[in-house]
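First comes the structure, then the notes that go with it.
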Amino acid sequence: MSDQIQKLADGPKRKWLDGRGGRKEFWLLGVPLVIVGSVIAAIVGSGWGAVAQFAFGIAFLLFMIRRLHDIGVSGWIAPLINVASTVLLYAAKGFLPPAAYGLAALVILLAILLGLGAWPGTAGDNAYGPPPGRRKSSPIAEVFS
């Protein structure tokens, strides 16, 4: 019984990392988050725009982790995707003109968004929980059963 109470106490802290996020959640919440963050960064400029883009990027990273969980992949892939795309863009910055560099960044971002948004999740339960929309039994119900 104490394990169930501990799980109940730990629940709110890990709400955005545990479980699975479906395609609907990704398209309705994650993608607009990227768009708003990019627009704010473009309007504000390099100083506070970088801070805003960082904050929105962290929030999007959480959506990526939940989406990867739905696909059945570890959430640790999300930071690797971010690092790989950043390294690729940094390497391209040396030989691309500024306009082409911005276009390359947009193409890489769109590829990541489309890839995560289109890939179907695993059909049944996986290591990260039940499919989105189907909740597992309540910890409170398990404590008092």
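Chain identifiers are assigned as A, B, and so on, following the order in which chains appear in the structure tokens; residues are numbered from 1 within each chain, and ligands are numbered from 1 in order of appearance.
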
Requested in this report: May I have the residues within 12 Å of A:Ala118 as number ranges by chain, using only C-alpha atoms and disregarding those fewer than 6 positions away in the same chain?
Outcome: A: 22-24, 26-27, 67-68, 70-71, 110-112

Any chance you could export the current selection's N, CA and C atoms as a compact mmCIF listing (two decimals), in the first residue's frame?
# COMPACT_ATOMS: atom_id res chain seq x y z
N GLY A 22 -0.43 11.45 -27.80
CA GLY A 22 -0.87 11.07 -29.13
C GLY A 22 -0.61 12.14 -30.18
N ARG A 23 -0.95 11.78 -31.41
CA ARG A 23 -0.75 12.72 -32.51
C ARG A 23 -1.64 13.96 -32.35
N LYS A 24 -2.85 13.76 -31.84
CA LYS A 24 -3.75 14.90 -31.66
C LYS A 24 -3.15 15.92 -30.68
N PHE A 26 -0.04 16.32 -29.99
CA PHE A 26 1.14 16.90 -30.62
C PHE A 26 0.76 18.01 -31.59
N TRP A 27 -0.23 17.76 -32.46
CA TRP A 27 -0.61 18.75 -33.46
C TRP A 27 -1.36 19.93 -32.86
N ARG A 67 5.50 12.22 -27.13
CA ARG A 67 5.20 11.68 -28.46
C ARG A 67 6.09 10.47 -28.76
N LEU A 68 7.36 10.55 -28.41
CA LEU A 68 8.26 9.42 -28.59
C LEU A 68 7.82 8.23 -27.74
N ASP A 70 4.77 7.48 -27.08
CA ASP A 70 3.64 6.88 -27.78
C ASP A 70 4.12 5.99 -28.92
N ILE A 71 5.19 6.38 -29.56
CA ILE A 71 5.74 5.59 -30.65
C ILE A 71 6.43 4.33 -30.11
N LEU A 110 10.60 21.39 -40.02
CA LEU A 110 9.40 20.77 -40.60
C LEU A 110 9.55 19.25 -40.70
N ALA A 111 10.74 18.77 -41.02
CA ALA A 111 10.96 17.33 -41.09
C ALA A 111 10.74 16.68 -39.72
N ILE A 112 11.23 17.32 -38.68
CA ILE A 112 11.04 16.79 -37.32
C ILE A 112 9.56 16.81 -36.95

Pull the closest atom pair for each residue of stretch 19-89 of chain A that gets at most 12 Å from stretch 93-98 of chain A, along with the distance in Å to one decimal, counting only C-alpha atoms, ordering rows by chain and then ascending residue number, as a tab-separated table.
residue	atom	partner	partner_atom	distance
A:Thr86	CA	A:Lys93	CA	10.4
A:Val87	CA	A:Lys93	CA	9.8
A:Leu88	CA	A:Lys93	CA	8.7
A:Leu89	CA	A:Lys93	CA	6.1

Query raised in the report: Hey, what's within 12 Å of A:Pro32 if we count only C-alpha atoms and toss same-chain stuff fewer than 5 positions away? As a count of residues only, please?
Result: 12

Query raised in the report: Between A:Ala78, A:Ala55, A:Val44, A:Ala84, which has the minimum distance to A:Ile108 (counting only C-alpha atoms)?
Result: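 Among A:Ala78, A:Ala55, A:Val44, A:Ala84, it is A:Ala84 that comes nearest to A:Ile108.
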
Query raised in the report: With only C-alpha atoms as the atoms that count, which of A:Pro130, A:Pro79, A:Gly124, A:Gly117 lies nearest to A:Leu62?
Result: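 Of A:Pro130, A:Pro79, A:Gly124, A:Gly117, the one nearest A:Leu62 is A:Pro79, counting only C-alpha atoms.
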
Query raised in the report: Can you list, as a list in words, every protein, DNA or RNA residue that comes within 10 Å of A:His69 when you count only C-alpha atoms, leaving out same-chain residues fewer than 3 positions away?
Result: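 With the cut-off at 10 Å, the set is Leu17, Asp18, Gly19, Arg20, Gly21, Gly22, Phe63, Met64, Ile65, Arg66, Gly72, Val73, Ser74, Gly75, Trp76, Ile77, Gly121, Thr122, Asn126, Ala127, Tyr128, Gly129 and Pro131 of chain A.
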
Residues of the last selection are to be written out with C-alpha atoms, as a PDB file, in the first residue's frame.
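Result file follows (result_9.pdb):
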ATOM      1  CA  LEU A  17       7.188  13.257 -18.811  1.00  0.00           C
ATOM      2  CA  ASP A  18       5.339  10.065 -17.996  1.00  0.00           C
ATOM      3  CA  GLY A  19       2.836   8.478 -20.268  1.00  0.00           C
ATOM      4  CA  ARG A  20       2.170   8.815 -23.920  1.00  0.00           C
ATOM      5  CA  GLY A  21       1.167  11.782 -26.043  1.00  0.00           C
ATOM      6  CA  GLY A  22      -0.867  11.070 -29.132  1.00  0.00           C
ATOM      7  CA  PHE A  63       5.863  17.220 -26.019  1.00  0.00           C
ATOM      8  CA  MET A  64       8.523  15.420 -28.043  1.00  0.00           C
ATOM      9  CA  ILE A  65       9.272  13.071 -25.132  1.00  0.00           C
ATOM     10  CA  ARG A  66       5.602  12.142 -24.705  1.00  0.00           C
ATOM     11  CA  GLY A  72       7.467   3.222 -28.207  1.00  0.00           C
ATOM     12  CA  VAL A  73      10.855   4.941 -28.149  1.00  0.00           C
ATOM     13  CA  SER A  74      12.757   6.291 -25.147  1.00  0.00           C
ATOM     14  CA  GLY A  75      12.334   9.985 -24.440  1.00  0.00           C
ATOM     15  CA  TRP A  76      16.119  10.350 -24.362  1.00  0.00           C
ATOM     16  CA  ILE A  77      15.970  10.419 -28.161  1.00  0.00           C
ATOM     17  CA  GLY A 121       1.774   5.238 -31.945  1.00  0.00           C
ATOM     18  CA  THR A 122       1.877   1.626 -30.842  1.00  0.00           C
ATOM     19  CA  ASN A 126       3.684  -0.298 -24.289  1.00  0.00           C
ATOM     20  CA  ALA A 127       6.422   0.278 -21.701  1.00  0.00           C
ATOM     21  CA  TYR A 128       5.212   3.872 -21.219  1.00  0.00           C
ATOM     22  CA  GLY A 129       1.574   3.117 -20.483  1.00  0.00           C
ATOM     23  CA  PRO A 131      -2.546   4.459 -25.490  1.00  0.00           C
TER      24      PRO A 131
END

Requested in this report: Name the closest residue to A:Val36 among the candidates A:Ala52, A:Gly133, A:Ala105, A:Gly115; distances are taken between atoms, counting only C-alpha atoms.
Outcome: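 Closest to A:Val36, using only C-alpha atoms: A:Ala52.
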
Query raised in the report: Hey, what's within 9 Å of A:Ala41 if we count only C-alpha atoms and toss same-chain stuff fewer than 5 positions away? As a VMD selection string, please?
Result: chain A and resid 36 46 to 53

Report task. Please measure the separation of atom CA of A:Ser85 and atom CA of A:Ala42, giving the value in Å to one decimal. Result ->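 Between atom CA of A:Ser85 and atom CA of A:Ala42 the gap is 19.4 Å.
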